[in-house]
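Trainee: So here's data-v3.txt (compact mmCIF, C-alpha atoms).
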```txt
# COMPACT_ATOMS: atom_id res chain seq x y z
CA MET A 1 152.07 155.94 19.16
CA ALA A 2 148.71 154.39 19.91
CA LYS A 3 148.16 150.55 19.72
CA ASP A 4 145.33 148.87 17.85
CA PRO A 5 142.53 147.85 20.24
CA GLN A 6 142.47 144.05 21.02
CA PRO A 7 139.30 142.14 21.57
CA GLU A 8 138.60 141.32 25.16
CA ASN A 9 139.25 137.85 26.37
CA GLY A 10 136.42 135.39 25.51
CA ARG A 11 134.68 137.70 23.14
CA GLY A 12 134.88 137.14 19.48
CA ALA A 13 133.92 139.51 16.73
CA GLY A 14 130.22 140.15 16.64
CA GLY A 15 129.78 138.38 20.02
CA ALA A 16 130.49 134.98 18.74
CA SER A 17 131.09 133.84 22.26
CA ARG A 18 127.71 135.06 23.26
CA GLY A 19 126.18 133.38 20.33
CA GLY A 20 127.89 130.24 21.29
CA SER A 21 126.77 130.78 24.76
CA GLY A 22 123.28 131.47 23.59
CA SER A 23 123.33 128.44 21.44
CA SER A 24 124.35 126.47 24.43
CA ARG A 25 121.47 127.83 26.42
CA SER A 26 118.94 127.02 23.79
CA GLY A 27 120.14 123.49 23.25
CA GLY A 28 121.53 122.61 26.63
CA VAL A 29 118.41 122.90 28.79
CA PRO A 30 117.02 119.39 29.20
CA GLY A 31 113.46 118.83 28.05
CA LYS A 32 113.22 121.95 26.01
CA GLY A 33 113.52 122.39 22.29
CA ALA A 34 113.81 125.43 20.18
CA GLY A 35 111.89 128.37 21.50
CA GLY A 36 111.89 126.86 25.04
CA ARG A 37 108.95 124.44 24.41
CA SER A 38 108.82 121.35 26.44
CA THR A 39 109.76 118.05 24.83
CA SER A 40 108.86 116.03 27.93
CA SER A 41 107.12 112.61 27.89
CA ARG A 42 103.68 114.17 27.71
CA ALA A 43 102.87 112.63 24.42
CA THR A 44 100.04 113.96 22.44
CA GLY A 45 97.14 111.76 21.58
CA PRO A 46 95.61 111.30 18.20
CA GLN A 47 95.76 114.45 16.16
CA GLY A 48 97.93 115.99 18.86
CA LYS A 49 95.08 116.50 21.35
CA GLY A 50 95.00 115.52 25.02
CA ARG A 51 96.45 112.43 26.70
CA THR A 52 96.14 108.82 25.61
CA ARG A 53 94.63 106.18 27.95
CA PRO A 54 95.66 102.56 28.08
CA PRO A 55 93.22 100.31 26.21
CA ALA A 56 90.48 98.79 28.44
CA ASN A 57 90.61 95.05 29.12
CA VAL A 58 87.47 93.51 27.57
CA VAL A 59 86.42 90.31 29.46
CA THR A 60 84.32 87.84 27.47
CA GLN A 61 81.90 85.95 29.76
CA GLN A 62 81.99 82.20 29.26
CA LYS A 63 78.82 80.09 29.66
CA PRO A 64 78.95 77.57 32.57
CA TRP A 65 78.53 74.50 30.37
CA GLY A 66 79.51 72.17 33.22
CA LEU A 67 76.73 73.43 35.50
CA ILE A 68 74.21 73.31 32.68
CA ALA A 69 75.13 69.71 31.86
CA ALA A 70 74.88 68.72 35.54
CA ALA A 71 71.44 70.36 35.87
CA VAL A 72 70.20 68.57 32.76
CA ALA A 73 71.50 65.24 34.10
CA VAL A 74 69.74 65.76 37.43
CA ALA A 75 66.48 66.68 35.67
CA VAL A 76 66.66 63.56 33.46
CA PHE A 77 67.38 61.34 36.48
CA ALA A 78 64.48 62.84 38.46
CA ALA A 79 62.14 62.33 35.53
CA ALA A 80 63.24 58.69 35.23
CA VAL A 81 62.70 58.06 38.95
CA LEU A 82 59.26 59.68 38.84
CA THR A 83 58.27 57.67 35.79
CA TYR A 84 59.39 54.44 37.46
CA ALA A 85 57.45 55.29 40.62
CA VAL A 86 54.29 56.02 38.64
CA LEU A 87 54.62 52.73 36.75
CA GLN A 88 55.08 50.82 40.02
CA VAL A 89 52.02 52.46 41.56
CA ASN A 90 49.95 51.74 38.46
CA GLU A 91 51.08 48.13 38.46
CA SER A 92 50.26 47.79 42.15
CA ASN A 93 46.84 49.34 41.70
CA ALA A 94 46.15 47.09 38.74
CA ASN A 95 46.37 44.05 41.04
CA ARG A 96 44.57 45.65 43.97
CA VAL A 97 41.27 44.12 45.02
CA THR A 98 38.47 46.58 45.72
CA SER A 99 35.60 44.11 46.00
CA ILE A 100 35.19 40.70 47.58
CA ASP A 101 33.88 39.42 44.24
CA GLN A 102 37.33 39.93 42.70
CA LEU A 103 38.87 37.17 44.82
CA ALA A 104 38.37 34.07 42.72
CA ASP A 105 37.33 30.90 44.56
CA LEU A 106 36.71 32.76 47.83
CA ARG A 107 34.28 30.91 50.10
CA SER A 108 31.93 32.89 52.35
CA TYR A 109 29.96 31.78 55.41
CA GLU A 110 27.30 33.14 57.76
CA TYR A 111 28.49 33.05 61.34
CA ALA A 112 26.71 35.76 63.31
CA ALA A 113 28.14 37.88 66.07
CA GLY A 114 27.76 36.80 69.68
CA GLN A 115 29.32 33.36 69.39
CA GLU A 116 29.65 31.53 72.69
CA HIS A 117 32.91 31.54 74.63
CA VAL A 118 33.91 28.04 75.67
CA THR A 119 36.82 26.30 77.36
CA THR A 120 36.10 22.95 75.76
CA ASP A 121 37.07 21.73 72.31
CA VAL A 122 34.76 22.64 69.42
CA ASP A 123 33.94 20.35 66.50
CA TYR A 124 34.08 22.90 63.71
CA THR A 125 32.36 22.37 60.37
CA GLU A 126 35.13 24.02 58.35
CA SER A 127 38.77 23.06 58.52
CA PRO A 128 40.41 25.37 59.35
CA PRO A 129 37.46 27.04 61.10
CA VAL A 130 36.25 30.52 60.10
CA GLY A 131 33.77 31.26 62.90
CA GLY A 132 31.65 29.81 65.65
CA PRO A 133 32.12 29.24 69.38
CA HIS A 134 35.66 29.91 70.56
CA ASP A 135 37.91 30.26 73.58
CA GLY A 136 37.76 33.42 75.67
CA GLU A 137 41.52 33.93 75.09
CA TRP A 138 42.60 34.96 71.62
CA ALA A 139 45.83 33.96 69.90
CA ASP A 140 48.26 36.84 69.38
CA CYS A 141 47.78 38.23 65.87
CA THR A 142 50.30 41.07 65.72
CA GLY A 143 52.20 39.62 62.77
CA THR A 144 53.03 36.45 64.68
CA VAL A 145 54.74 33.46 63.09
CA TYR A 146 54.06 30.22 65.01
CA ASP A 147 55.96 27.00 64.46
CA VAL A 148 53.23 24.91 66.09
CA ASP A 149 49.64 24.08 65.18
CA ILE A 150 47.98 26.56 67.53
CA ARG A 151 44.73 25.66 69.28
CA HIS A 152 41.91 26.34 66.85
CA GLU A 153 39.47 27.71 69.42
CA ASN A 154 41.94 30.48 70.27
CA ALA A 155 42.64 31.22 66.60
CA VAL A 156 38.93 31.67 65.85
CA HIS A 157 38.74 34.32 68.57
CA SER A 158 41.48 36.22 66.71
CA LEU A 159 39.39 36.07 63.54
CA GLU A 160 36.56 37.64 65.51
CA HIS A 161 38.93 40.58 66.17
CA GLY A 162 39.53 41.08 62.43
CA ALA A 163 42.70 39.04 61.95
CA THR A 164 43.70 36.92 58.98
CA TRP A 165 44.99 33.48 59.92
CA ILE A 166 47.25 31.89 57.32
CA THR A 167 47.75 28.15 57.66
CA TYR A 168 49.89 25.71 55.68
CA ASP A 169 50.36 21.97 55.38
CA PRO A 170 53.85 21.31 56.78
CA GLU A 171 54.09 18.13 54.69
CA ALA A 172 53.26 19.84 51.40
CA ILE A 173 54.71 23.36 51.51
CA SER A 174 58.11 24.12 49.98
CA ASP A 175 60.83 25.94 51.85
CA ALA A 176 60.54 28.86 49.41
CA ASP A 177 56.79 29.19 49.94
CA LEU A 178 57.14 29.00 53.71
CA SER A 179 59.81 31.70 53.63
CA THR A 180 57.52 33.90 51.51
CA LEU A 181 54.67 33.51 53.99
CA GLU A 182 56.90 34.23 56.96
CA GLU A 183 58.15 37.44 55.36
CA LEU A 184 54.57 38.45 54.53
CA VAL A 185 53.28 37.91 58.08
CA ASP A 186 56.18 38.75 60.38
CA GLY A 187 55.49 41.94 62.35
CA ARG A 188 52.39 42.93 60.35
CA SER A 189 49.46 43.70 62.63
CA GLY A 190 46.37 41.58 62.08
CA LEU A 191 48.21 38.54 60.72
CA MET A 192 49.29 35.20 62.13
CA LEU A 193 50.82 32.13 60.51
CA SER A 194 50.89 28.53 61.73
CA PRO A 195 51.19 24.98 60.43
CA TYR A 196 47.95 23.01 60.27
CA ALA A 197 48.01 19.23 60.24
CA GLY A 198 45.86 17.57 57.59
CA LEU A 199 45.00 20.87 55.89
CA GLY A 200 43.80 19.44 52.58
CA SER A 201 45.54 22.18 50.55
CA THR A 202 49.03 23.62 50.59
CA ILE A 203 47.93 26.99 51.99
CA SER A 204 44.64 28.27 53.40
CA LEU A 205 43.73 31.81 54.46
CA GLN A 206 40.95 32.48 56.98
CA SER A 207 39.18 35.56 58.26
CA TRP A 208 35.83 35.72 59.99
CA ASN A 209 33.25 34.18 57.59
CA HIS A 210 35.72 33.90 54.69
CA GLN A 211 38.27 31.40 53.41
CA LEU A 212 40.60 30.92 50.42
CA SER A 213 42.79 27.94 49.53
CA VAL A 214 45.79 28.18 47.19
CA ASP A 215 48.57 25.87 46.07
CA SER A 216 51.46 28.34 46.22
CA ALA A 217 52.54 31.43 48.14
CA ALA A 218 53.36 33.01 44.77
CA ASP A 219 49.63 33.10 43.95
CA GLU A 220 48.74 36.81 43.74
CA ARG A 221 45.52 36.14 45.65
CA VAL A 222 47.53 35.58 48.85
CA GLU A 223 48.57 39.22 49.11
CA GLN A 224 45.25 40.39 47.69
CA TYR A 225 43.38 38.51 50.41
CA VAL A 226 45.65 39.83 53.15
CA ASP A 227 45.44 43.43 51.93
CA PHE A 228 41.68 43.44 51.43
CA MET A 229 40.30 41.19 54.17
CA THR A 230 42.42 42.01 57.23
CA PHE A 231 40.63 44.47 59.56
CA ASN A 232 38.10 45.23 56.80
CA SER A 233 34.87 46.08 58.61
CA GLU A 234 33.03 47.19 55.46
CA ILE A 235 32.66 43.88 53.67
CA GLU A 236 29.62 41.64 53.94
CA GLY A 237 29.98 39.23 56.84
CA ALA A 238 32.71 41.33 58.41
CA TYR A 239 34.28 40.45 61.74
CA PRO A 240 32.11 41.32 64.78
CA GLU A 241 34.56 42.91 67.23
CA ILE A 242 35.75 46.01 65.41
CA GLY A 243 38.58 47.76 67.21
CA ALA A 244 39.41 44.79 69.45
CA SER A 245 43.05 44.10 70.31
CA CYS A 246 45.28 41.52 68.65
CA GLU A 247 47.90 41.56 71.39
CA ASN A 248 48.43 38.64 73.74
CA PRO A 249 52.07 38.44 74.85
CA LEU A 250 51.50 35.23 76.82
CA PHE A 251 50.32 33.43 73.71
CA ILE A 252 53.53 34.41 71.90
CA THR A 253 55.81 33.03 74.58
CA ASP A 254 53.57 30.11 75.52
CA PRO A 255 51.21 29.27 72.64
CA ILE A 256 48.50 26.71 73.28
CA VAL A 257 48.90 23.82 70.84
CA GLU A 258 45.97 22.08 69.20
CA GLY A 259 44.80 19.30 71.51
CA ASP A 260 45.97 21.08 74.69
CA PRO A 261 43.37 22.35 77.18
CA SER A 262 42.23 25.94 77.51
CA ARG A 263 43.93 28.20 80.03
CA GLY A 264 40.47 29.33 81.14
CA THR A 265 40.60 31.88 83.93
CA ASP A 266 44.41 31.73 83.96
CA ALA A 267 44.55 33.50 80.61
CA MET A 268 45.94 37.03 80.64
CA VAL A 269 43.41 38.29 78.09
CA THR A 270 39.74 37.41 77.69
CA ASP A 271 36.62 39.23 76.65
CA ALA A 272 32.89 38.64 76.57
CA PRO A 273 30.82 37.80 73.50
CA THR A 274 29.91 40.90 71.52
CA THR A 275 26.13 40.38 71.71
CA THR A 276 23.56 38.00 73.13
CA GLU A 277 22.05 37.26 69.73
CA PRO A 278 21.90 33.59 68.81
CA ALA A 279 24.86 32.42 66.76
CA ALA A 280 24.46 30.73 63.41
CA GLU A 281 24.34 26.99 63.82
CA GLU A 282 25.38 26.21 60.28
CA THR A 283 27.48 27.77 57.60
CA SER A 284 26.82 28.14 53.92
CA THR A 285 28.97 28.60 50.86
CA PRO A 286 28.05 30.58 47.76
```
Give the structure from the file, written as structure tokens.
Mentor:
Amino acid sequence: MAKDPQPENGRGAGGASRGGSGSSRSGGVPGKGAGGRSTSSRATGPQGKGRTRPPANVVTQQKPWGLIAAAVAVAVFAAAVLTYAVLQVNESNANRVTSIDQLADLRSYEYAAGQEHVTTDVDYTESPPVGGPHDGEWADCTGTVYDVDIRHENAVHSLEHGATWITYDPEAISDADLSTLEELVDGRSGLMLSPYAGLGSTISLQSWNHQLSVDSAADERVEQYVDFMTFNSEIEGAYPEIGASCENPLFITDPIVEGDPSRGTDAMVTDAPTTTEPAAEETSTP
């Protein structure tokens, strides 16, 4: 008698095992969903199209306020310095003398060129003298400060070379005024300073054919006279020996004092009179 057929091992009715197996295939493959489509990390962008990109970093530029402030500060400082400099120049020019007539109380004389060179003492009309016969050796006038009353005949020769000779009464001048004069003269070419006994005023300034007396070194005319008169060959009655030297090292180290004799031919520097024209015998004041 025949036996009923038995289902084979692992197979259920209608292939359930296969279905189970198939179900396992469809759901057990990583990264795939139904129908075998990928479910990987490739995400879709907006509206399911293409890839998404990370958002761009937007950098906002900041204005360099520190540099701007520094530049403004520098500009303001420069403008202030320039303004100050202009004001100083204008103030200086306001006090500058451009004509001999602007020097109040200036006395002028008429000593001609070609004054005689002598080794003897000269009895000058003016005190201090402003021209006339003089020693063949000139006193050093390279901004020289003397502490002795230098021999007048040598000083007049320096005036002939264009120098300004500042003298002061040692009995009348204050320490402050003397210090001011020393600072003004020291090392400035064309100037010399010395005490002068019995001056008659506190301070007196001399150049060839010109003279000015003041009571104080703070008088603005002191610097005006020095600036305008020293080596000025264009004024009326200007010094005769234009371009002559002011240097005499021997006179610095060994100045001849008023009342001492001339060095004569022993002098290191001498020159001849500028011309042979007769010299003025007298002086005149305006």
Trainee: Select, from A:Ala163, A:Ala218, A:Ala176, A:Val145, the residue with the minimum atom-to-atom distance to A:Gly131, counting only C-alpha atoms.
Mentor: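 For A:Gly131, the nearest of the candidates is A:Ala163.
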Trainee: With all atoms listed in the file as the atoms that count, which of A:Glu110, A:Asp254, A:Glu220, A:Asp147 lies nearest to A:Trp208?
Mentor: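 Between A:Glu110, A:Asp254, A:Glu220, A:Asp147, the residue approaching A:Trp208 most closely is A:Glu110.
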Trainee: One decimal, in Å: what's the spacing between atom CA of A:Ala197 and atom CA of A:Gln102?
Mentor: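 Atom-to-atom, atom CA of A:Ala197 and atom CA of A:Gln102 are spaced 29.2 Å apart.
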Trainee: Output, as lines of an AutoDock Vina configuration file, the centre and edge lengths in Å (one decimal) of the axis-aligned box that contains all listed atoms of stretch 148-165 of chain A with 6 Å of margin on each side.
Mentor:
```
center_x = 44.9
center_y = 32.6
center_z = 64.6
size_x = 28.7
size_y = 29.0
size_z = 23.3
```
Trainee: Can you tell me, as a PyMOL selection string, what residues are no more than 12 Å from A:Asp219 when counting only C-alpha atoms, ignoring any on the same chain fewer than 5 positions away?
Mentor: chain A and resi 95+103-104+177+180-181+202-204+212-214+224-225
Trainee: Distance atom CA of A:Ser245-atom CA of A:Thr142, one decimal place?
Mentor: 9.1 Å
Trainee: What's the separation between atom CA of A:Pro195 and atom CA of A:Asp169, in Å to one decimal place?
Mentor: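 One can read the atom CA of A:Pro195 to atom CA of A:Asp169 distance as 5.9 Å.
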Trainee: From the set A:Glu258, A:Glu247, A:Asp227, A:Asp266, which residue has the shortest atom-to-atom contact distance to A:Ser99, counting all atoms listed in the file?
Mentor: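 Using all atoms listed in the file, A:Ser99 sits closest to A:Asp227.
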Trainee: Between A:Tyr124, A:Tyr109, A:Trp138, A:Phe77, which is the closest to A:Gly264 once you count all atoms listed in the file?
Mentor: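 Looking only at the distances to A:Gly264, the closest residue turns out to be A:Trp138.
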Trainee: Using all atoms listed in the file, which residue out of A:Glu160, A:Glu116, A:Glu182, A:Asp121 lies closest to A:Pro133?
Mentor: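 The answer is A:Glu116, which sits nearest to A:Pro133.
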Trainee: Give me the residues within 7 Å of stretch 230-232 of chain A as a list of chain:residue names, counting all atoms listed in the file and dropping any in the same chain fewer than 2 places off.
Mentor: A:Gly162, A:Ala163, A:Thr164, A:Gly190, A:Val226, A:Asp227, A:Phe228, A:Glu234, A:Ile235, A:Ala238
Trainee: Using only C-alpha atoms, which residue out of A:His117, A:His157, A:Arg188, A:Arg107 lies closest to A:Thr144?
Mentor: A:Arg188
Trainee: Could you name the residues that touch A:Pro170 at 12 Å or less, counting all atoms listed in the file, but leaving out those on the same chain fewer than 2 positions away, as a PDB file with C-alpha atoms, in the frame of the given file?
Mentor:
```
ATOM      1  CA  ASP A 147      55.960  27.000  64.460  1.00  0.00           C
ATOM      2  CA  VAL A 148      53.230  24.910  66.090  1.00  0.00           C
ATOM      3  CA  ASP A 149      49.640  24.080  65.180  1.00  0.00           C
ATOM      4  CA  THR A 167      47.750  28.150  57.660  1.00  0.00           C
ATOM      5  CA  TYR A 168      49.890  25.710  55.680  1.00  0.00           C
ATOM      6  CA  ALA A 172      53.260  19.840  51.400  1.00  0.00           C
ATOM      7  CA  ILE A 173      54.710  23.360  51.510  1.00  0.00           C
ATOM      8  CA  SER A 174      58.110  24.120  49.980  1.00  0.00           C
ATOM      9  CA  ASP A 175      60.830  25.940  51.850  1.00  0.00           C
ATOM     10  CA  ASP A 177      56.790  29.190  49.940  1.00  0.00           C
ATOM     11  CA  LEU A 178      57.140  29.000  53.710  1.00  0.00           C
ATOM     12  CA  LEU A 193      50.820  32.130  60.510  1.00  0.00           C
ATOM     13  CA  SER A 194      50.890  28.530  61.730  1.00  0.00           C
ATOM     14  CA  PRO A 195      51.190  24.980  60.430  1.00  0.00           C
ATOM     15  CA  TYR A 196      47.950  23.010  60.270  1.00  0.00           C
ATOM     16  CA  ALA A 197      48.010  19.230  60.240  1.00  0.00           C
ATOM     17  CA  GLY A 198      45.860  17.570  57.590  1.00  0.00           C
ATOM     18  CA  LEU A 199      45.000  20.870  55.890  1.00  0.00           C
ATOM     19  CA  GLY A 200      43.800  19.440  52.580  1.00  0.00           C
ATOM     20  CA  SER A 201      45.540  22.180  50.550  1.00  0.00           C
ATOM     21  CA  THR A 202      49.030  23.620  50.590  1.00  0.00           C
ATOM     22  CA  ILE A 203      47.930  26.990  51.990  1.00  0.00           C
TER      23      ILE A 203
END
```
